[in-house]
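In what follows, a single structure is set out as structure tokens and then discussed.
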Amino acid sequence: MSLHVQKVFALADANSFYASCETVFNPKLTKFPVVVLSNGDGCVVARNQKAKDVGIKMGEPAFLIKDLIKKHKVVALSSNYALYADMSNRFMAVLSSYTPQIEVYSVDESFLYLNGHIGEWNSLSEMGTTVKKHVDMWTGLPICVGFSQTKTLAKLANHIAKKNAQFKGVCDLVSMDPIQVKEIFGKLDVSDVWGIGRKLSDHLRSMNINNVQDLKQSSPKSIRQKFGVVMERTIEELNGVSCLEISEIAPPRKQIISSKSFGQKVSTRFELEQSLTEYVTTASEKLRGQKSVCGAMQIFIMTDKHREDEPQYYNHFNVNLPEPTNDVRTLTKVALWALKRIYLEGYQYKKSGVVLMDLREEGKEQFSLFDTKLTDEDSPKIMQALDAINGRFGRGTLKLGSSMGENRYKMVFQKKTPCYTTEWLEIPAIK
DNA sequence: TCTGGGGTCCTAGGACCC
DNA sequence: TCTGGGGTCCTAGGACCC
């Protein structure tokens with residue numbers, strides 16, 4: 001007998017992913033509470049069940065839990081992202097053998113889309129259990145699997161499987177008795193729903209929407225008015241109406257960030273230059289990796305905002321590049337030039353970073369028609385020409401931009417997609 | 001000095017996710 | 001002394017156009 005399902009999403013998610021990866025390679029860790037610390041050992045980014053049990057919270061600064069670490073013999077490890085990436089790939093490879101329609105949502109979780117008949121399984125639970133065993137055999141990672149008709153519900157099912165031992169890591173909301181579903185949803189906090197974070201759950205609670213069942217039963221229309229379209233979709237999804245599709249192919253990034261806190265505070269421009277050079281290299285590698293070029297770049301520098309006793313300074317500088325590029329030398333040059341504009345002596349800098357923006361596919365660059373100073377008399381003529389061209393070839397074919405404070409205009413023409421022009425901005429005066 | 005309506009583009013900020 | 005590093009989407013509002 002084979003099971004027929006209309007439209008089912010599964011969410012497979014590794015438990016305490018980073019901590020579990022470490023444990024696979026050092027099984028002795030099983031006996032101890034384990035936490036994995038962020039880059040520079042700043043704060044906790046993963047913890048195993050034992051560490052959760054002794055009260056260590058996600059994202060907590062390492063220095064705040066020193067006592068807990070000592071008291072409970074917690075093993076604190078520096079993160080090893082290369083290892084986690086490798087384990088992630090193996091995990092996803094196993095999942096891919098169950099359906100071609102898989103969306104790798106993050107390093108430790110994937111959505112699977114199951115449509116029509118799903119092979120030799122008698123139930124989704126049976127399938128989930130098989131997947132779990134299979135992943136364990138090939139990677140050693142413990143996982144949980146949730147099934148339901150929408151992505152939001154599958155997420156919730158996974159959450160239920162994780163929190164309730166009696167499910168043994170697999171929760172199928174599709175075949176669950178509706179009365180039981182209602183009972184469980186009534187006990188789950190509204191903030192357990194995917195997309196409902198702290199602020200929104202506070203707001204919902206003030207409206208007496210406290211648990212998942214409350215949210216599920218609230219009116220999508222009135223919720224939309226107060227909270228917008230995103231939460232409206234969440235409610236639809238909670239009621240089994242699928243609004244979010246699987247995206248099998250990861251779309252190229254729309255922005256690429258590379259930034260880091262310094263282990264030790266730095267104050268000289270030279271040190272900031274060194275860090276930014278490194279970040280530009282990292283970010284532009286990613287950029288070339290997805291075959292994109294960037295049209296704009298931002299750099300930022302900041303002092304330690306946690307130190308209220310020290311003078312604070314934050315500034316960033318946006319540069320719209322004259323030509324879109326992914327060339328590391330060009331980008332480095334621009335970054336260092338921009339740094340000169342915002343760097344101030346006499347501050348203890350804690351963090352810096354680079355953001356590549358306005359990303360587009362390589363080979364779809366734009367062509368500048370001219371880049372010159374225009375008089376006020378030219379302007380109406382230009383506008384006329386602009387309208388004529390756009391009227392004939394379609395809106396957005398040609399755009400006009402100007403830079404502030406100067407009579408300098410640039411017209412940009414692009415073959416395929418609309419774009420905007422380059423613009424050089426003066427940053428506000430520094431206090 | 002006060003005055004309109006509709007549309008687009010762009011930015012900043014706020015919320016969320018892992 | 002020591003507090004992560006990535007990302008996404010939506011919305012409101014301003015500038016500017018006709």
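Here, A, B, ... name the chains of the structure tokens in the order displayed, residue numbers run from 1 inside each chain, and ligands are numbered from 1 in the same displayed order.
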
Quick one: which chain A residues come within 10 Å of chain C, and what is the nearest atom pair for each with the distance in Å to one decimal, counting only C-alpha atoms (C1' of nucleotides), rows ordered by chain and ascending number, as CSV?
residue,atom,partner,partner_atom,distance
A:Leu37,CA,C:DG4,C1',8.7
A:Ser38,CA,C:DG4,C1',5.5
A:Asn39,CA,C:DG4,C1',6.7
A:Gly40,CA,C:DG4,C1',8.7
A:Asp41,CA,C:DG4,C1',8.9
A:Gly42,CA,C:DT3,C1',6.5
A:Cys43,CA,C:DG4,C1',6.6
A:Val44,CA,C:DG4,C1',8.4
A:Val45,CA,C:DG4,C1',7.6
A:Gly59,CA,C:DG4,C1',7.8
A:Glu60,CA,C:DT3,C1',7.6
A:Pro61,CA,C:DT3,C1',5.0
A:Ala62,CA,C:DC2,C1',7.5
A:Phe63,CA,C:DC2,C1',5.5
A:Leu64,CA,C:DC2,C1',8.7
A:Gly228,CA,C:DC10,C1',8.0
A:Val229,CA,C:DC10,C1',8.2
A:Val230,CA,C:DC10,C1',7.9
A:Arg253,CA,C:DG7,C1',8.5
A:Lys254,CA,C:DG7,C1',9.1
A:Gln255,CA,C:DG7,C1',8.2
A:Ile256,CA,C:DG7,C1',8.4
A:Ile257,CA,C:DG6,C1',6.9
A:Ser258,CA,C:DG5,C1',7.9
A:Ser259,CA,C:DG5,C1',7.0
A:Lys260,CA,C:DG5,C1',7.1
A:Ser261,CA,C:DG4,C1',8.3
A:Gly263,CA,C:DC2,C1',9.2
A:Gln264,CA,C:DC2,C1',9.9
A:Asp304,CA,C:DT3,C1',9.5
A:Lys305,CA,C:DT3,C1',9.6
A:His306,CA,C:DT3,C1',7.4
A:Met383,CA,C:DC17,C1',9.8

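Between atom CA of Phe185 of chain A and atom CA of Arg224 of chain A there is a distance of 21.4 Å.
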
*Could you tell me, as a PyMOL selection string, which residues of segment 47-233 of chain A DSSP assigns to alpha helix (DSSP H) when given the backbone?*
chain A and resi 49-53+66-71+81-96+124-139+151-163+178-187+198-206+212-217+220-227+229-233

*Assign secondary structure with DSSP using the backbone only, and return the residues of segment 48-178 of chain A in strand (DSSP E) as a ChimeraX atom specification.*
/A:75-78,102-106,109-117,143-148,170-172

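Interatomic distance, atom CA of Asn318 of chain A against atom CA of Ala335 of chain A: 9.5 Å.
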
*Find the residues around Leu200 of chain A up to 10 Å (only C-alpha atoms (C1' of nucleotides) counted), leave out those fewer than 5 positions away in its own chain, and share them as a VMD selection string.*
(chain A and resid 190 to 191 195 205 to 206 227 231) or (chain B and resid 15 to 16)

*Among the residues A:Asp327, A:Asp108, A:Asp189, A:Glu345, the one that comes closest to Glu285 of chain A [using only C-alpha atoms]*: A:Asp327

*Quick one: residues within 10 Å of segment 6-10 of chain A, only C-alpha atoms (C1' of nucleotides) counted, chain neighbours fewer than 5 positions away excluded, as a PyMOL selection string?*
chain A and resi 101-102+110-117+124+128+145-155+157-158+171-172+174+242+245-246

Those same residues, written as a compact mmCIF listing (two decimals), in the first residue's frame with N, CA, C and O atoms?
# COMPACT_ATOMS: atom_id res chain seq x y z
N GLN A 101 12.66 17.79 -4.55
CA GLN A 101 12.21 19.13 -4.20
C GLN A 101 12.58 19.46 -2.77
O GLN A 101 11.80 19.27 -1.84
N ILE A 102 13.79 19.95 -2.62
CA ILE A 102 14.30 20.25 -1.29
C ILE A 102 14.80 21.69 -1.27
O ILE A 102 15.42 22.15 -2.21
N SER A 110 16.25 21.84 6.41
CA SER A 110 15.75 21.87 5.04
C SER A 110 14.27 21.57 5.02
O SER A 110 13.77 20.78 5.82
N PHE A 111 13.59 22.20 4.08
CA PHE A 111 12.21 21.83 3.79
C PHE A 111 12.22 20.80 2.67
O PHE A 111 12.98 20.92 1.71
N LEU A 112 11.37 19.79 2.79
CA LEU A 112 11.18 18.83 1.72
C LEU A 112 9.75 18.97 1.24
O LEU A 112 8.84 19.16 2.05
N TYR A 113 9.56 18.87 -0.04
CA TYR A 113 8.21 18.95 -0.58
C TYR A 113 7.82 17.59 -1.11
O TYR A 113 8.52 17.00 -1.93
N LEU A 114 6.70 17.08 -0.60
CA LEU A 114 6.25 15.74 -1.01
C LEU A 114 4.89 15.90 -1.67
O LEU A 114 3.97 16.45 -1.08
N ASN A 115 4.79 15.45 -2.86
CA ASN A 115 3.53 15.62 -3.58
C ASN A 115 3.10 14.27 -4.14
O ASN A 115 3.92 13.49 -4.59
N GLY A 116 1.80 14.00 -4.09
CA GLY A 116 1.29 12.75 -4.65
C GLY A 116 1.71 11.56 -3.80
O GLY A 116 1.74 11.62 -2.59
N HIS A 117 2.03 10.48 -4.43
CA HIS A 117 2.36 9.25 -3.71
C HIS A 117 3.77 9.31 -3.17
O HIS A 117 4.69 9.74 -3.86
N LEU A 124 3.41 9.05 7.13
CA LEU A 124 4.47 10.05 7.16
C LEU A 124 5.40 9.82 8.35
O LEU A 124 6.61 10.01 8.24
N GLY A 128 9.34 9.66 8.32
CA GLY A 128 10.18 10.51 9.17
C GLY A 128 11.18 9.71 9.98
O GLY A 128 12.36 10.08 10.09
N VAL A 145 11.98 15.65 12.63
CA VAL A 145 11.27 15.88 11.37
C VAL A 145 9.81 16.24 11.69
O VAL A 145 9.17 15.58 12.50
N GLY A 146 9.32 17.30 11.04
CA GLY A 146 7.92 17.69 11.19
C GLY A 146 7.22 17.67 9.85
O GLY A 146 7.81 18.04 8.84
N PHE A 147 5.97 17.20 9.84
CA PHE A 147 5.19 17.15 8.60
C PHE A 147 3.91 17.96 8.74
O PHE A 147 3.24 17.88 9.76
N SER A 148 3.57 18.68 7.69
CA SER A 148 2.24 19.29 7.63
C SER A 148 1.95 19.87 6.25
O SER A 148 2.76 19.72 5.34
N GLN A 149 0.80 20.54 6.13
CA GLN A 149 0.37 21.00 4.80
C GLN A 149 1.00 22.31 4.38
O GLN A 149 0.89 22.70 3.22
N THR A 150 1.59 23.02 5.31
CA THR A 150 2.24 24.29 4.95
C THR A 150 3.62 24.34 5.61
O THR A 150 3.91 23.58 6.54
N LYS A 151 4.43 25.26 5.13
CA LYS A 151 5.78 25.38 5.68
C LYS A 151 5.73 25.83 7.14
O LYS A 151 6.47 25.33 7.99
N THR A 152 4.84 26.79 7.42
CA THR A 152 4.73 27.29 8.79
C THR A 152 4.31 26.17 9.74
O THR A 152 4.85 26.05 10.85
N LEU A 153 3.36 25.35 9.30
CA LEU A 153 2.92 24.23 10.14
C LEU A 153 4.00 23.16 10.27
O LEU A 153 4.15 22.54 11.32
N ALA A 154 4.75 22.93 9.20
CA ALA A 154 5.83 21.95 9.25
C ALA A 154 6.90 22.39 10.26
O ALA A 154 7.44 21.58 11.02
N LYS A 155 7.17 23.69 10.26
CA LYS A 155 8.09 24.25 11.25
C LYS A 155 7.59 23.98 12.66
O LYS A 155 8.35 23.60 13.56
N ALA A 157 5.44 21.69 13.57
CA ALA A 157 5.48 20.25 13.83
C ALA A 157 6.89 19.84 14.29
O ALA A 157 7.06 19.06 15.22
N ASN A 158 7.88 20.41 13.63
CA ASN A 158 9.25 20.11 14.01
C ASN A 158 9.53 20.57 15.44
O ASN A 158 10.15 19.86 16.24
N CYS A 171 7.04 14.36 14.14
CA CYS A 171 5.66 14.79 14.40
C CYS A 171 4.93 15.02 13.09
O CYS A 171 5.37 15.79 12.25
N ASP A 172 3.82 14.32 12.93
CA ASP A 172 3.02 14.41 11.70
C ASP A 172 1.68 15.05 12.04
O ASP A 172 0.79 14.39 12.56
N VAL A 174 -0.42 16.10 9.85
CA VAL A 174 -1.42 15.77 8.84
C VAL A 174 -2.39 14.71 9.35
O VAL A 174 -3.61 14.83 9.21
N SER A 242 -1.59 26.99 2.09
CA SER A 242 -0.17 27.18 1.80
C SER A 242 0.07 28.46 1.02
O SER A 242 -0.44 28.64 -0.08
N GLU A 245 5.90 28.90 -0.94
CA GLU A 245 6.31 27.78 -1.78
C GLU A 245 7.73 27.36 -1.45
O GLU A 245 8.49 28.10 -0.83
N ILE A 246 8.07 26.19 -1.91
CA ILE A 246 9.44 25.71 -1.80
C ILE A 246 10.29 26.43 -2.86
O ILE A 246 9.87 26.55 -4.00
